[in-house]
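One structure is given here, and the rest of the page talks about it.
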Amino acid sequence: MFTFIVVLAIAAVAYAGDATVLGSDSFDAAVKKGPVFGKFYAPWCGHCKNLAPTWEKLAAKYAGADVTIAKIDCTAEGKSVCSQQGVRGYPTLKLFKDGKVIAYSGARSLEAFEEYLSTNGISLPGKSDL
């Protein structure tokens, strides 16, 4: 029984969610590969914690789409990326597409994020903007 509980605890910690974790070693490559909608955050930030479930739902919904829904921890592996991107508050949301950086300042809901991505030419998997 104890082993089973330990295995479950390890699995829960190992699960990072559907959003792609980017850091200093992977951020530039991800942006070069295609559009990235990134959440720059700090683990202790209350607003970041509140946004996390919605961000993971967005990532799950856009899995397989032509966009990477990413999260960048500004206190750890993403510290230098956050500095380079001028992140001063948490969470900061930015879309990186076609060499442009577009700061997001809209509502923090799944529907608002979907509308924002659609407005910027990013469709859900299996749908097109025709």
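Just so we're on the same page: first chain in the structure tokens is A, next is B, and so on; residues restart at 1 for each chain, and ligands are numbered from 1 in the order they show up.
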12 Å contact set for A:Ala60, only C-alpha atoms, chain neighbours under 5 positions out, as a VMD selection string: chain A and resid 17 to 20 53 to 55 65 67 to 70 110 124 to 125
Could those residues be written to a file, using N, CA and C atoms, as a PDB file, in the first residue's frame?
```pdb
ATOM      1  N   GLY A  17       1.495  18.887 -16.775  1.00  0.00           N
ATOM      2  CA  GLY A  17       0.352  19.434 -17.483  1.00  0.00           C
ATOM      3  C   GLY A  17       0.572  19.397 -18.986  1.00  0.00           C
ATOM      4  N   ASP A  18      -0.348  20.021 -19.693  1.00  0.00           N
ATOM      5  CA  ASP A  18      -0.298  20.010 -21.149  1.00  0.00           C
ATOM      6  C   ASP A  18       0.527  21.152 -21.736  1.00  0.00           C
ATOM      7  N   ALA A  19       0.722  22.216 -20.975  1.00  0.00           N
ATOM      8  CA  ALA A  19       1.532  23.331 -21.474  1.00  0.00           C
ATOM      9  C   ALA A  19       2.995  22.900 -21.550  1.00  0.00           C
ATOM     10  N   THR A  20       3.665  23.332 -22.597  1.00  0.00           N
ATOM     11  CA  THR A  20       5.079  23.001 -22.794  1.00  0.00           C
ATOM     12  C   THR A  20       5.937  23.870 -21.890  1.00  0.00           C
ATOM     13  N   PRO A  53      -4.943  26.466 -14.109  1.00  0.00           N
ATOM     14  CA  PRO A  53      -5.886  25.489 -14.687  1.00  0.00           C
ATOM     15  C   PRO A  53      -6.416  25.908 -16.062  1.00  0.00           C
ATOM     16  N   THR A  54      -6.677  27.187 -16.239  1.00  0.00           N
ATOM     17  CA  THR A  54      -7.155  27.681 -17.539  1.00  0.00           C
ATOM     18  C   THR A  54      -6.073  27.527 -18.591  1.00  0.00           C
ATOM     19  N   TRP A  55      -4.827  27.812 -18.224  1.00  0.00           N
ATOM     20  CA  TRP A  55      -3.712  27.698 -19.163  1.00  0.00           C
ATOM     21  C   TRP A  55      -3.527  26.246 -19.600  1.00  0.00           C
ATOM     22  N   ALA A  65      -2.176  21.711 -32.628  1.00  0.00           N
ATOM     23  CA  ALA A  65      -2.372  22.913 -33.448  1.00  0.00           C
ATOM     24  C   ALA A  65      -1.007  23.504 -33.807  1.00  0.00           C
ATOM     25  N   VAL A  67       0.597  25.929 -32.830  1.00  0.00           N
ATOM     26  CA  VAL A  67       1.013  26.863 -31.790  1.00  0.00           C
ATOM     27  C   VAL A  67       1.483  26.056 -30.596  1.00  0.00           C
ATOM     28  N   THR A  68       2.472  26.561 -29.906  1.00  0.00           N
ATOM     29  CA  THR A  68       2.917  25.956 -28.658  1.00  0.00           C
ATOM     30  C   THR A  68       2.386  26.815 -27.521  1.00  0.00           C
ATOM     31  N   ILE A  69       1.580  26.214 -26.666  1.00  0.00           N
ATOM     32  CA  ILE A  69       1.118  26.889 -25.454  1.00  0.00           C
ATOM     33  C   ILE A  69       2.174  26.564 -24.400  1.00  0.00           C
ATOM     34  N   ALA A  70       2.902  27.582 -23.971  1.00  0.00           N
ATOM     35  CA  ALA A  70       4.076  27.348 -23.136  1.00  0.00           C
ATOM     36  C   ALA A  70       3.974  28.061 -21.794  1.00  0.00           C
ATOM     37  N   LEU A 110     -10.604  31.103 -20.857  1.00  0.00           N
ATOM     38  CA  LEU A 110     -10.358  30.205 -21.982  1.00  0.00           C
ATOM     39  C   LEU A 110     -10.942  30.792 -23.267  1.00  0.00           C
ATOM     40  N   LEU A 124      -7.832  26.117 -34.024  1.00  0.00           N
ATOM     41  CA  LEU A 124      -7.847  24.867 -33.275  1.00  0.00           C
ATOM     42  C   LEU A 124      -7.451  23.735 -34.209  1.00  0.00           C
ATOM     43  N   PRO A 125      -6.896  22.651 -33.668  1.00  0.00           N
ATOM     44  CA  PRO A 125      -6.533  21.508 -34.530  1.00  0.00           C
ATOM     45  C   PRO A 125      -7.771  21.018 -35.297  1.00  0.00           C
TER      46      PRO A 125
END
```
Using DSSP on the backbone coordinates, identify the residues of chain A assigned to strand (DSSP E or B); present them as a list of chain:residue names.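 Selection result, strand (DSSP E or B) within chain A: A:Thr20, A:Val21, A:Val36, A:Phe37, A:Gly38, A:Lys39, A:Phe40, A:Tyr41, A:Thr68, A:Ile69, A:Ala70, A:Lys71, A:Ile72, A:Asp73, A:Thr92, A:Leu93, A:Lys94, A:Leu95, A:Phe96, A:Lys97, A:Lys100, A:Val101, A:Ile102, A:Ala103.
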For a quick check of understanding, using only C-alpha atoms, which of A:Gly106, A:Gly99, A:Gly121, A:Gly126 has the smallest distance to A:Asp28?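 Looking only at the distances to A:Asp28, the closest residue turns out to be A:Gly99.
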Which residues, written as an MDAnalysis selection string, have at least one atom at most 12 Å from stretch 91-93 of chain A, with only C-alpha atoms counted and residues fewer than 5 positions away on the same chain left out? chainID A and resid 36:52 55 69:74 82 85:86 101:108 113 116
Which value, in Å to one decimal, gives the distance between atom CA of A:Val81 and atom CA of A:Ser123?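 These two atoms are separated by 26.5 Å.
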Run DSSP on the backbone and grab whatever in stretch 11-77 of chain A lands in alpha helix (DSSP H); send it over as a list in words.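 Checking each residue of stretch 11-77 of chain A, the alpha helix (DSSP H) ones are Ala11, Ala12, Val13, Ala14, Phe27, Asp28, Ala29, Ala30, Val31, Lys32, Lys33, Gly46, His47, Cys48, Lys49, Asn50, Leu51, Ala52, Pro53, Thr54, Trp55, Glu56, Lys57, Leu58, Ala59, Ala60 and Lys61 of chain A.
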With only C-alpha atoms as the basis for distance, which of A:Lys32, A:Lys97, A:Gly23, A:Lys57 is at the shortest distance from A:Gln84? A:Gly23
